[in-house]
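Asker: There's a structure below that I have some questions on.
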Amino acid sequence: MNITYDEKLRLFRLTAGDMLYAMAVTDGEYLAHVYYGKALPDEDLTELLRLDEPPFTPSVNNRDKACYMDTLPFECPCFGTGDYREHAVEILDDAGMSACDFRYVSHSITPGKPGLPGLPATFGREQDAMTLCILCRDTHARLELELRYSVFRGLNAILRSALVRNTGDKNCRLRRLLSATLTLDEDGYDMLTLNGSWARERHVERCRLHMGKQRVDSLRGESSHQHNPFFALLEQNGDEDRGICYGLNLIYSGNFMAQAEVDQHRTVRAQLGINPTDFTWLLEPGEEFAAPEAVLVWSEQGLGGMSRTFHDLYRQHLIRSKYRDMPRPVLINNWEATYFDFDAEKLLAIAKEAASLGIEMLVMDDGWFGHRDSDNSSLGDWYVYEKKLKGGLKPLVDKVRGLGLKFGIWFEPEMISPDSDLYRAHPDWAIRIPGREMTLCREQYVLDYSRQDVRDYVYGMLRDILTSADISYVKWDMNRQLTEVGSGMLPADRQRELWHRYVLGVYELMERLVTEFPDLLLENCSGGGARFDPGMLYYSPQIWASDDTDAVERLKIQYGTSLCYPVSAMGAHVSDCPNHTVGRSTPFQTRGHVAMAGTFGYELDVTRIPAEDRAQIPEQIANYKRYSHIMQEGDQFRIGNPFGTEGFDAWIFVTKDKREGLFTYVQTLSRPNVRSRRIRLKGLDPEGWYRCSDNGKTYSGAYLMQAGLRMPNLWGDFQSRQIYFEKTEQYKTEEEA
Ligand code: DGJ
């Protein structure tokens with residue numbers, strides 16, 4: 001890992017893992033992208049910029065400077081001065097003019113990785129990270145731009161962020177500041193995005209890049225079910241294991257844009273940042289604005305290599321919770337078990353049965369507060385609904401604790417129901433445009449989290465509940481998106497800041513929560529997985545992946561999610577059948593195998609499920625505990641593809657030392673009259689020998705990966721197998737093993 005600057009060539013080189021990222025200061029003091037790929041020896045890379053070709057540089061051909069501006073691979077392209085491709089910065093100055101033009105001034109290289117005040121960001125110790133900060137200036141607009149680049153030891157990733165500062169004496173409006181721009185010299189890539197809807201989050205879509213712009217984004221106030229702030233550019237002949245691949249992910253939970261543009265010369269401009277639509281930020285003299293951090297990952301081992309870098313980066317340098325490195329408690333959540341129809345007795349009955357089966361935590365979901373019997377009321381009234389919990393929370397929690405279980409609780413702190421004491425007292429605390437009809441969604445409005453008084457008040461209620469009993473876990477939910485985005489507190493010239501100020505307010509409250517309650521396990525959730533983004537991972541080590549708990553649907557959701565998020569972050573539960581979302585029945589064992597590729601738990605009425613299902617729970621939990629270190633800390637290799645037509649999915653987790661592997665195979669539909677499949681495993685030591693838990697045989701790693709494990713057709717639809725491989729010193733026959 002290193003960052004250097006070659007004075008003569010005016011070339012920056014950032015190295016880490018086995019990658020190199022290079023930029024140069026060009027004629028005219030512009031900062032241009034030179035190379036991002038496999039590491040190269042120290043040599044002159046600047047000819048990659050083709051500055052000796054027409055349209056030449058301004059010093060050679062100033063009469064055609066606009067052509068130069070329109071072809072140079074800017075690290076941070078500006079609007080209005082000749083680069084007609086998608087820009088990363090746009091301003092509106094005091095005179096109403098919008099062009100800007102930032103030129104290189106100076107730079108600093110420091111050990112470590114600074115944070116971003118108020119925003120989630122990666123972190124690293126001085127010996128593990130290095131940061132380059134490049135200062136640019138627009139002398140006309142009297143603005144400074146800081147571009148930050150960090151690398152982490154051993155990781156093929158670049159972390160980027162940008163900051164604009166008003167050094168003049170007049171107001172300026174920032175209309176856009178994207179977090180990262182990356183140029184690829186040719187367009188032979190496919191773009192992969194994660195898209196969907198409620199109960200269908202993060203389905204993978206792969207499309208060939210074409211001329212013009214292709215974009216996914218959110219204007220919903222959250223990262224959203226519909227699109228994730230992620231995309232990958234994979235060589236057209238690349239796949240899971242082969243090909244150059246770039247992954248981009250934004251550490252942010254609000255409106256975003258993620259875009260690839262193929263220009264007239266077929267170069268690709270890939271960009272990521274806060275969505276500029278309906279965004280304007282007023283910069284008074286001396287003020288600054290920081291864009292959220294963007295992650296760029298390079299892989300030459302296709303999508304799989306990219307994913308493993310994301311997983312390592314997030315596990316080591318983004319997730320802060322102490323639970324990051326701890327086995328998470330196996331929980332049981334009452335949502336699908338009872339919905340709103342519960343009381344203390346019902347919860348205790350579930351807890352009692354759960355305790356006897358080895359479950360470790362009861363989570364009381366929606367419906368315990370205000371007078372909430374349905375989703376029509378009480379959000380904002382974070383005090384106990386006595387009709388359901390007689391005598392309050394503490395007696396229930398004490399009883400659950402007495403059974404040996406921890407206790408978790410659900411909140412939806414960003415919301416307010418029209419039918420709530422809070423709304424009756426403070427209707428102006430909701431986000432709204434005075435005089436305009438407010439759009440309801442799930443019969444609720446969104447609180448104005450740009451307001452300190454609102455945040456303080458809500459936090460006070462949360463704190464009262466959390467200190468009133470022995471609570472170990474919080475599920476923080478968010479069940480609607482933003483409309484009529486206006487704040488009663490902001491002046492007219494700051495109203496368009498509200499989208500972002502809202503997100504900053506959410507972050508501030510989460511920060512307070514995890515700081516004041518460091519032992520709390522926080523699980524994020526948004527109507528299922530609408531805020532599954534790296535911003536949330538900074539506060540909560542796990543995120544509920546989807547309200548769709550069907551094992552077969554989950555194959556797609558968890559596959560897509562795993563493209564950039566580790567399984568240690570993926571909330572996954574075994575639920576009852578027929579499944580409440582799709583009506584499908586799957587074997588209890590399969591539901592367990594699928595949920596184990598996540599933060600394992602149950603979401604069913606354990607007192608009412610079939611006895612043969614219940615009987616499997618203790619062994620499921622024992623297996624999860626036996627193997628969870630392989631999944632939580634090891635490398636993930638996707639083998640099957642649930643979006644394909646093969647009729648199965650499969651994956652393997654392998655410990656970093658390659659001593660253990662946990663392979664899971666899920667057959668979707670059974671087939672008549674077929675021979676077995678040969679499934680080629682991945683990630684094992686080709687030189688090593690492995691004992692297979694399924695048949696006791698010993699196989700070489702080479703055999704398992706090249707010849708493949710024989711997997712017969714399983715009797716019945718949706719059947720699964722989980723097989724553990726452990727390294728042995730030598731080959732053993734079945735009898736010896
Ligand atoms: C949406 C969540 O995703 C569910 O798990 C559940 O908590 C409900 N909200 C409760 O309203």
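Starting from 1 in every chain, residues are counted up; chains themselves are A, B, ... following the order of the structure tokens, and ligands are numbered from 1 as listed.
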May I ask you to write as a PyMOL selection string all residues lying at most 10 Å from ligand 1, with only C-alpha atoms and all ligand atoms counted?
Answerer: chain A and resi 198-199+333-336+339-340+364-367+374-375+410-412+442+475-480+524-530+543-549+603
Asker: For the residues in that selection, give me C-alpha atoms as an mmCIF file, in the first residue's frame.
Answerer:
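To be explicit, this is the file written out as again.cif:
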data_model
loop_
_atom_site.group_PDB
_atom_site.id
_atom_site.type_symbol
_atom_site.label_atom_id
_atom_site.label_comp_id
_atom_site.auth_asym_id
_atom_site.auth_seq_id
_atom_site.Cartn_x
_atom_site.Cartn_y
_atom_site.Cartn_z
ATOM 1 C CA TRP A 198 -40.771 -4.393 -2.044
ATOM 2 C CA ALA A 199 -40.274 -8.158 -1.469
ATOM 3 C CA ASN A 333 -39.126 -12.149 15.746
ATOM 4 C CA ASN A 334 -42.893 -12.112 16.273
ATOM 5 C CA TRP A 335 -43.863 -10.161 13.131
ATOM 6 C CA GLU A 336 -44.911 -13.019 10.861
ATOM 7 C CA TYR A 339 -48.479 -9.281 13.232
ATOM 8 C CA PHE A 340 -50.322 -6.769 15.461
ATOM 9 C CA MET A 364 -40.950 -7.732 19.810
ATOM 10 C CA ASP A 365 -41.847 -6.169 16.478
ATOM 11 C CA ASP A 366 -44.388 -3.500 15.522
ATOM 12 C CA GLY A 367 -47.490 -2.909 17.677
ATOM 13 C CA SER A 374 -52.913 -1.918 13.015
ATOM 14 C CA ASP A 375 -50.633 0.197 10.868
ATOM 15 C CA TRP A 410 -38.877 -2.514 17.162
ATOM 16 C CA PHE A 411 -39.041 1.244 16.496
ATOM 17 C CA GLU A 412 -39.880 3.338 13.482
ATOM 18 C CA ARG A 442 -49.136 3.333 4.987
ATOM 19 C CA LYS A 475 -34.802 -3.026 14.917
ATOM 20 C CA TRP A 476 -34.944 0.450 13.325
ATOM 21 C CA ASP A 477 -37.604 0.395 10.629
ATOM 22 C CA MET A 478 -38.640 2.983 7.998
ATOM 23 C CA ASN A 479 -41.791 2.212 6.065
ATOM 24 C CA ARG A 480 -42.458 5.014 3.657
ATOM 25 C CA ASN A 524 -31.636 -1.669 10.181
ATOM 26 C CA CYS A 525 -34.755 -2.223 8.153
ATOM 27 C CA SER A 526 -36.861 -0.272 5.718
ATOM 28 C CA GLY A 527 -40.084 -1.973 4.703
ATOM 29 C CA GLY A 528 -37.832 -4.978 4.194
ATOM 30 C CA GLY A 529 -34.612 -4.024 2.428
ATOM 31 C CA ALA A 530 -35.144 -0.503 1.104
ATOM 32 C CA ILE A 543 -29.830 -5.029 7.861
ATOM 33 C CA TRP A 544 -33.105 -6.851 7.256
ATOM 34 C CA ALA A 545 -32.705 -7.946 3.644
ATOM 35 C CA SER A 546 -36.355 -8.269 2.628
ATOM 36 C CA ASP A 547 -39.861 -8.866 3.902
ATOM 37 C CA ASP A 548 -39.935 -11.780 1.501
ATOM 38 C CA THR A 549 -38.855 -14.731 3.650
ATOM 39 C CA GLU A 603 -39.890 -15.421 12.296
#
Asker: Quick one: residues within 9 Å of A:Asn2, only C-alpha atoms, excluding same-chain residues fewer than 6 positions away - as a list of chain:residue names?
Answerer: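 After dropping sequence-adjacent residues, the list is A:Arg13, A:Leu14, A:Thr15, A:Ala16, A:Ala129, A:Met130, A:Val151, A:Arg153.
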Asker: Between atom CA of A:Met461 and atom CA of A:Trp382, what is the distance, to one decimal in Å?
Answerer: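 Taking atom CA of A:Met461 and atom CA of A:Trp382, their separation equals 5.9 Å.
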Asker: Could you pull out the strand (DSSP E or B) residues of stretch 508-728 of chain A from DSSP and send them as an MDAnalysis selection string?
Answerer: chainID A and resid 521:524 526 529 542:544 570:575 599:603 635:638 648:654 660:667 677:679 689:692 698:700 709:711 720:728
Asker: Could those residues be written to a file, using C-alpha atoms, as a PDB file, in the first residue's frame?
Answerer:
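Generated output (selection-v6.pdb):
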ATOM      1  CA  LEU A 521     -27.235  -4.640  18.523  1.00  0.00           C
ATOM      2  CA  LEU A 522     -28.856  -2.377  15.948  1.00  0.00           C
ATOM      3  CA  GLU A 523     -30.567  -3.951  12.954  1.00  0.00           C
ATOM      4  CA  ASN A 524     -31.636  -1.669  10.181  1.00  0.00           C
ATOM      5  CA  SER A 526     -36.861  -0.272   5.718  1.00  0.00           C
ATOM      6  CA  GLY A 529     -34.612  -4.024   2.428  1.00  0.00           C
ATOM      7  CA  GLN A 542     -26.941  -6.090  10.085  1.00  0.00           C
ATOM      8  CA  ILE A 543     -29.830  -5.029   7.861  1.00  0.00           C
ATOM      9  CA  TRP A 544     -33.105  -6.851   7.256  1.00  0.00           C
ATOM     10  CA  MET A 570     -27.828  -9.789   5.775  1.00  0.00           C
ATOM     11  CA  GLY A 571     -30.839 -10.286   8.041  1.00  0.00           C
ATOM     12  CA  ALA A 572     -32.394 -13.665   7.126  1.00  0.00           C
ATOM     13  CA  HIS A 573     -35.050 -15.664   8.994  1.00  0.00           C
ATOM     14  CA  VAL A 574     -36.760 -19.022   8.772  1.00  0.00           C
ATOM     15  CA  SER A 575     -40.492 -18.410   8.480  1.00  0.00           C
ATOM     16  CA  THR A 599     -27.780 -13.364  10.233  1.00  0.00           C
ATOM     17  CA  PHE A 600     -29.791 -16.371  11.200  1.00  0.00           C
ATOM     18  CA  GLY A 601     -33.096 -16.225  13.044  1.00  0.00           C
ATOM     19  CA  TYR A 602     -36.731 -17.303  13.090  1.00  0.00           C
ATOM     20  CA  GLU A 603     -39.890 -15.421  12.296  1.00  0.00           C
ATOM     21  CA  ASP A 635     -14.703 -15.819   1.741  1.00  0.00           C
ATOM     22  CA  GLN A 636     -17.896 -16.309  -0.211  1.00  0.00           C
ATOM     23  CA  PHE A 637     -17.882 -17.989  -3.625  1.00  0.00           C
ATOM     24  CA  ARG A 638     -21.098 -18.029  -5.610  1.00  0.00           C
ATOM     25  CA  PHE A 648     -30.357 -24.768  -8.711  1.00  0.00           C
ATOM     26  CA  ASP A 649     -28.351 -22.363  -6.664  1.00  0.00           C
ATOM     27  CA  ALA A 650     -25.171 -23.149  -4.769  1.00  0.00           C
ATOM     28  CA  TRP A 651     -22.488 -21.342  -2.850  1.00  0.00           C
ATOM     29  CA  ILE A 652     -19.537 -22.097  -0.640  1.00  0.00           C
ATOM     30  CA  PHE A 653     -17.909 -20.188   2.200  1.00  0.00           C
ATOM     31  CA  VAL A 654     -14.240 -20.925   2.830  1.00  0.00           C
ATOM     32  CA  GLU A 660     -12.859 -25.316   6.297  1.00  0.00           C
ATOM     33  CA  GLY A 661     -15.548 -24.895   3.706  1.00  0.00           C
ATOM     34  CA  LEU A 662     -19.321 -24.880   3.998  1.00  0.00           C
ATOM     35  CA  PHE A 663     -21.116 -25.728   0.781  1.00  0.00           C
ATOM     36  CA  THR A 664     -24.857 -25.204   0.278  1.00  0.00           C
ATOM     37  CA  TYR A 665     -26.874 -26.526  -2.638  1.00  0.00           C
ATOM     38  CA  VAL A 666     -30.521 -25.652  -3.249  1.00  0.00           C
ATOM     39  CA  GLN A 667     -32.430 -27.411  -5.982  1.00  0.00           C
ATOM     40  CA  ARG A 677     -24.913 -32.833 -11.642  1.00  0.00           C
ATOM     41  CA  ARG A 678     -21.237 -32.194 -11.143  1.00  0.00           C
ATOM     42  CA  ILE A 679     -20.857 -29.040  -9.090  1.00  0.00           C
ATOM     43  CA  TRP A 689      -7.318 -32.910   1.050  1.00  0.00           C
ATOM     44  CA  TYR A 690     -10.807 -32.362   2.370  1.00  0.00           C
ATOM     45  CA  ARG A 691     -13.120 -34.640   4.289  1.00  0.00           C
ATOM     46  CA  CYS A 692     -16.710 -34.361   3.098  1.00  0.00           C
ATOM     47  CA  THR A 698     -11.729 -37.566   1.368  1.00  0.00           C
ATOM     48  CA  TYR A 699     -11.295 -35.567  -1.818  1.00  0.00           C
ATOM     49  CA  SER A 700      -8.487 -33.394  -3.067  1.00  0.00           C
ATOM     50  CA  LEU A 709     -18.835 -32.880  -6.459  1.00  0.00           C
ATOM     51  CA  ARG A 710     -21.572 -35.224  -7.670  1.00  0.00           C
ATOM     52  CA  MET A 711     -25.000 -33.951  -6.696  1.00  0.00           C
ATOM     53  CA  SER A 720     -31.268 -28.596  -0.246  1.00  0.00           C
ATOM     54  CA  ARG A 721     -27.994 -29.971   1.098  1.00  0.00           C
ATOM     55  CA  GLN A 722     -25.396 -28.373   3.312  1.00  0.00           C
ATOM     56  CA  ILE A 723     -21.993 -30.070   3.284  1.00  0.00           C
ATOM     57  CA  TYR A 724     -19.030 -29.276   5.467  1.00  0.00           C
ATOM     58  CA  PHE A 725     -15.493 -29.774   4.196  1.00  0.00           C
ATOM     59  CA  GLU A 726     -12.576 -29.961   6.574  1.00  0.00           C
ATOM     60  CA  LYS A 727      -8.963 -30.208   5.570  1.00  0.00           C
ATOM     61  CA  THR A 728      -7.217 -33.423   6.557  1.00  0.00           C
TER      62      THR A 728
END
Asker: Given the choices A:Met361, A:Glu7, A:Tyr35, A:Asp27, which gets closest to A:Leu51 if the distance is worked out from only C-alpha atoms?
Answerer: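 Of A:Met361, A:Glu7, A:Tyr35, A:Asp27, the one nearest A:Leu51, counting only C-alpha atoms, is A:Asp27.
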